[in-house]
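Right, one structure below, let's go through it.
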Amino acid sequence: MTAIHSTQQVAYATVGGFVDELVRSGVRHFCICPGSRSTPLALMVAHHPGARIWMHTDERSASFFGLGMAKLLREPVALVCTSGTAAANFLPAVVEAFYARVPLVVLTADRPHELRDWGAPQTIDQLRLYGGHVKWFVDLAEPDASADIQRYTRLVAGRAAALARQGPAGPVHINCPYREPLVPHPGPGPTPWDVAPAGLAAVQVASGLRAPDNALLESLTEALTQSQRGLIVCGPQDDPALPAAVARLAEALGFPILADPLSGLRCGPHSRRMVIQSYDAFLRLPEVAEPLVPDLVLRFGAMPVSKPLMQHMQRAGGAPNIVVDGGAGWSDPSQLATAMIAVDGATLCERLAAALGAGRDTMVWAKRWQHVERQTLATIQQQMDGFDDLFEGKVFRELGEALPDGAVVFAGNSMPIRDMDTFFPASGRDIRLMANRGANGIDGVVSSALGASAAGASPLVLVIGDLSLYHDSNGLLAAKLHQLNATIVLLNNDGGGIFSFLSQASEAPEHFEQLFGTPHGLDFRHMAALYGARFHSVADWGEFRQRLAESTGGSGLSIIELRTDRERNVAMHREIWRAISAELARG
């Protein structure tokens with residue numbers, strides 16, 4: 001091994017080896033924010049031929065952009081920032097990644113150990129800055145010429161990338177202290193990525209799926225065959241193999257599948273014969289829900305968005321409630337689970353379907369659900385067609401009918417994700433539905449959606465409320481800087497529309513607008529102009545369809561605004577519920 005002399009050459013070799021091992025381990029995308037202390041990292045990423053840089057000026061937007069990329073790609077993305085409060089601005093996205101199981105490698109530059117806690121500028125305590133919201137934390141050693149440190153640095157990089165993607169996936173945090181001078185200089189010999197020095201290549205890390213054993217298969221087969229009124233509930237999950245496998249199991253059992261929009265089951269080439277999509281609309285009606293109480297629930301993924309669905313599972317009382325989680329987590333906020341099974345969901349479904357074979361006669365139960373589904377969907381369509389006003393829920397019906405194979409629809413939190421749940425239609429087209437449902441916040445949604453666009457989502461449509469768009473307006477700069485293609489459908493009801501559905505509206509009316517409605521009066525066309533986006537405020541559905549077709553068929557960033565009224569929006573939702581209740585009472 002060639003001797004390394006200067007501090008800058010040491011940094012080149014050590015940091016270069018660290019970056020090289022990240023790239024070798026599958027980290028291809030680096031979201032970098034400007035700063036001085038992070039210079040060694042930024043420059044070595046820029047030099048590496050296998051790394052792609054996505055520059056951002058705002059750390060919070062950068063971190064959510066990286067989260068959206070990682071979510072779409074299902075692979076780790078790195079975040080890079082300088083020291084101090086820059087690192088603190090990553091926290092919201094780190095929290096979301098942890099709870100949503102999105103792989104991120106968070107790289108925060110820091111002052112060297114001798115400058116910490118001595119009043120040095122732009123220095124805070126970055127040790128375990130994200131607390132329990134990361135899977136692993138390392139305070140990296142400063143760059144050093146020794147072979148041991150060179151190997152250790154590469155091992156940390158490889159281990160970090162492996163742990164980020166290993167189930168349950170999530171963020172890891174590596175704190176990177178650097179001494180001045182900060183600009184690395186190459187020394188004699190090859191670059192760290194041309195030839196990894198002998199003995200310094202990191203350990204390969206491999207992990208496999210958690211497969212069910214025979215004893216588990218036998219016990220589950222017995223429980224499922226004893227059930228005559230079973231339900232399969234699929235919440236948010238990201239395994240592309242699960243939809244087809246769970247569809248086959250449902251047909252073998254004769255069990256309906258209540259499919260959350262983020263489950264991957266609403267759209268795609270798999271069988272949707274047993275998929276129920278309108279449960280949120282009819283399970284909120286007690287007279288409809290009571291005859292549909294199951295005697296067993298088999299659940300995959302996180303807890304679904306729908307509150308009426310969770311309440312329906314509570315109606316089942318002491319019935320078996322089996323939760324399957326291949327990531328070995330404990331996703332049961334309702335505390336209804338009677339069994340938590342840490343095995344791969346798709347593998348379990350395939351083996352159970354094979355064990356069950358044919359001959360189950362529970363289709364009367366399934367047909368009861370399918371009958372209610374048909375009546376509900378027809379009533380929803382009839383009601384929406386009768387509305388003269390722009391109805392926020394109808395946006396998702398329009399998108400479901402208009403978007404092609406390969407499209408991605410990203411929903412904001414609060415009302416958009418709930419309207420997606422109720423109104424987005426099942427389809428044989430391969431449309432991917434996404435949202436940030438780890439911590440369910442409205443922050444960073446614009447950036448996450450644009451990160452998905454940068455990762456290849458095409459066309460990408462983001463449906464978002466006005467407060468959420470305002471909250472992450474800095475994120476729009478990424479579309480301009482990186483020439484991204486995206487359509488933003490802005491549901492502008494001048495405030496927090498979801499609160500109008502809650503008890504605060506009726507029980508605290510004298511303070512409602514100030515504390516919950518929070519009207520802002522913003523004209524978003526000026527925001528669009530600032531970032532070079534096209535802006536259209538549409539007056540009817542014909543104009544909406546025209547602008548949507550122009551935007552998704554073209555390039556660049558477009559914002560299509562629908563101005564709605566909060567009180568009228570609530571009234572239209574409730575008109576639909578009443579119409580469904582009346583129709584199902586007749587049926």
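Residue names in the structure tokens use chain letters A, B, ... in the order shown, residue numbers from 1 in each chain, and ligand numbers from 1 in the order shown.
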Item checked: Secondary structure check, alpha helix (DSSP H) residues of stretch 378-509 of chain A, as a count of residues only -> 52
Checklist line | Shell around stretch 36-46 of chain A at 8 Å using only C-alpha atoms, local window under 4 positions removed, as a PyMOL selection string | finding: chain A and resi 11-12+15-16+19+30+32+51-53+80-83+108-111+178+182-184
Checklist line | Those of stretch 18-151 of chain A in DSSP strand (DSSP E or B), formatted as a list of chain:residue names | finding: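 Secondary structure check on stretch 18-151 of chain A, strand (DSSP E or B): A:His29, A:Phe30, A:Cys31, A:Ile32, A:Arg52, A:Ile53, A:Trp54, A:Met55, A:Val77, A:Ala78, A:Leu79, A:Val80, A:Cys81, A:Leu104, A:Val105, A:Val106, A:Leu107, A:Thr108, A:Ala109, A:Asp110, A:Phe137, A:Val138, A:Asp139.
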Next item on the list: Rounded to one decimal place, report the atom CA of A:Cys349-atom CA of A:Pro425 distance in Å.
Entry: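 So the answer is 24.7 Å.
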Next item on the list: Skip A:Arg284 itself and residues of its chain fewer than 6 positions away, then list as an MDAnalysis selection string all residues within 9 Å of it, counting only C-alpha atoms.
Entry: chainID A and resid 307:309 311:312 577
Check: What's the 12 Å shell around stretch 374-385 of chain A, counting only C-alpha atoms, without same-chain residues fewer than 6 positions away, as a VMD selection string?
Finding: chain A and resid 275 to 283 285 288 367 to 368 391 to 398 422 to 426 541 569 572 to 587
Item checked: Atom-to-atom span, atom CA of A:Leu129 and atom CA of A:Thr7, Å ->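 Result for atom CA of A:Leu129 versus atom CA of A:Thr7: 27.7 Å, one decimal.
The closest residue to A:Tyr99, picked from A:Leu79, A:Ile464, A:Ile174, A:Met303 and counting only C-alpha atoms, is A:Met303.
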Margin query: Residues within 7 Å of stretch 511-518 of chain A, please, as a VMD selection string. Count only C-alpha atoms; anything in the same chain fewer than 3 positions from it doesn't count.
Written below: chain A and resid 495 to 497 499 504 to 505 508
Note to self: Given only C-alpha atoms as the basis, pick out the residue of A:Leu72, A:His482, A:Arg165, A:Ser473 nearest to A:Ala407.
What the structure shows: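 Residue with the minimum atom-to-atom distance to A:Ala407: A:Leu72.
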Margin query: Ranking A:Thr225, A:Gln204, A:Ser6, A:Thr57 by minimum distance to A:Glu21 and counting only C-alpha atoms, which one comes first?
Written below: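 Between A:Thr225, A:Gln204, A:Ser6, A:Thr57, the residue approaching A:Glu21 most closely is A:Gln204.
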Checklist line | Residue with smallest distance to A:Val138 - pool A:Tyr470, A:Phe387, A:Trp193, A:Tyr152, counting only C-alpha atoms | finding: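 Using only C-alpha atoms, the shortest distance to A:Val138 belongs to A:Tyr152.
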Checklist line | Counting only C-alpha atoms, the option among A:Ser331, A:Thr487, A:Asn321, A:Asn492 closest to A:Phe410 | finding: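 Using only C-alpha atoms, A:Phe410 sits closest to A:Thr487.
Distances here use only C-alpha atoms; by that measure, the residue among A:Asp389, A:Val461, A:Val445, A:His526 closest to A:Arg568 is A:Asp389.
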Notebook entry, point to check: If we count only C-alpha atoms, what is near A:Leu460 at a cut-off of 10 Å, once residues fewer than 6 positions away on the same chain are taken out, given as a PyMOL selection string?
Noted result: chain A and resi 403+406-410+432+449-450+452-454+484-488+551-552
Could you please take those selected residues and save C-alpha atoms as a PDB file, in the first residue's frame?
```pdb
ATOM      1  CA  LEU A 403     -53.973   8.047 -16.145  1.00  0.00           C
ATOM      2  CA  GLY A 406     -46.913   3.355 -15.225  1.00  0.00           C
ATOM      3  CA  ALA A 407     -48.393   6.492 -13.674  1.00  0.00           C
ATOM      4  CA  VAL A 408     -47.733   7.387 -10.043  1.00  0.00           C
ATOM      5  CA  VAL A 409     -50.284   9.241  -7.929  1.00  0.00           C
ATOM      6  CA  PHE A 410     -48.880  10.758  -4.736  1.00  0.00           C
ATOM      7  CA  ARG A 432     -48.790   3.108  -8.248  1.00  0.00           C
ATOM      8  CA  ALA A 449     -43.340  13.486  -4.749  1.00  0.00           C
ATOM      9  CA  LEU A 450     -40.637  15.271  -6.755  1.00  0.00           C
ATOM     10  CA  ALA A 452     -40.295  10.010  -6.911  1.00  0.00           C
ATOM     11  CA  SER A 453     -40.409  11.912 -10.201  1.00  0.00           C
ATOM     12  CA  ALA A 454     -36.616  12.164 -10.235  1.00  0.00           C
ATOM     13  CA  LEU A 484     -38.428  17.398 -13.418  1.00  0.00           C
ATOM     14  CA  ASN A 485     -41.801  16.525 -14.916  1.00  0.00           C
ATOM     15  CA  ALA A 486     -44.714  16.606 -12.490  1.00  0.00           C
ATOM     16  CA  THR A 487     -48.342  17.635 -12.194  1.00  0.00           C
ATOM     17  CA  ILE A 488     -49.551  19.105  -8.913  1.00  0.00           C
ATOM     18  CA  SER A 551     -49.621  18.397 -18.210  1.00  0.00           C
ATOM     19  CA  THR A 552     -49.187  14.618 -18.036  1.00  0.00           C
TER      20      THR A 552
END
```
Next item on the list: Please provide the set of residues having any atom within 9 Å of A:Leu548, restricted to only C-alpha atoms, with same-chain residues fewer than 5 positions apart removed, written as a PyMOL selection string.
Entry: chain A and resi 399+402+487+489+543+553+558+560
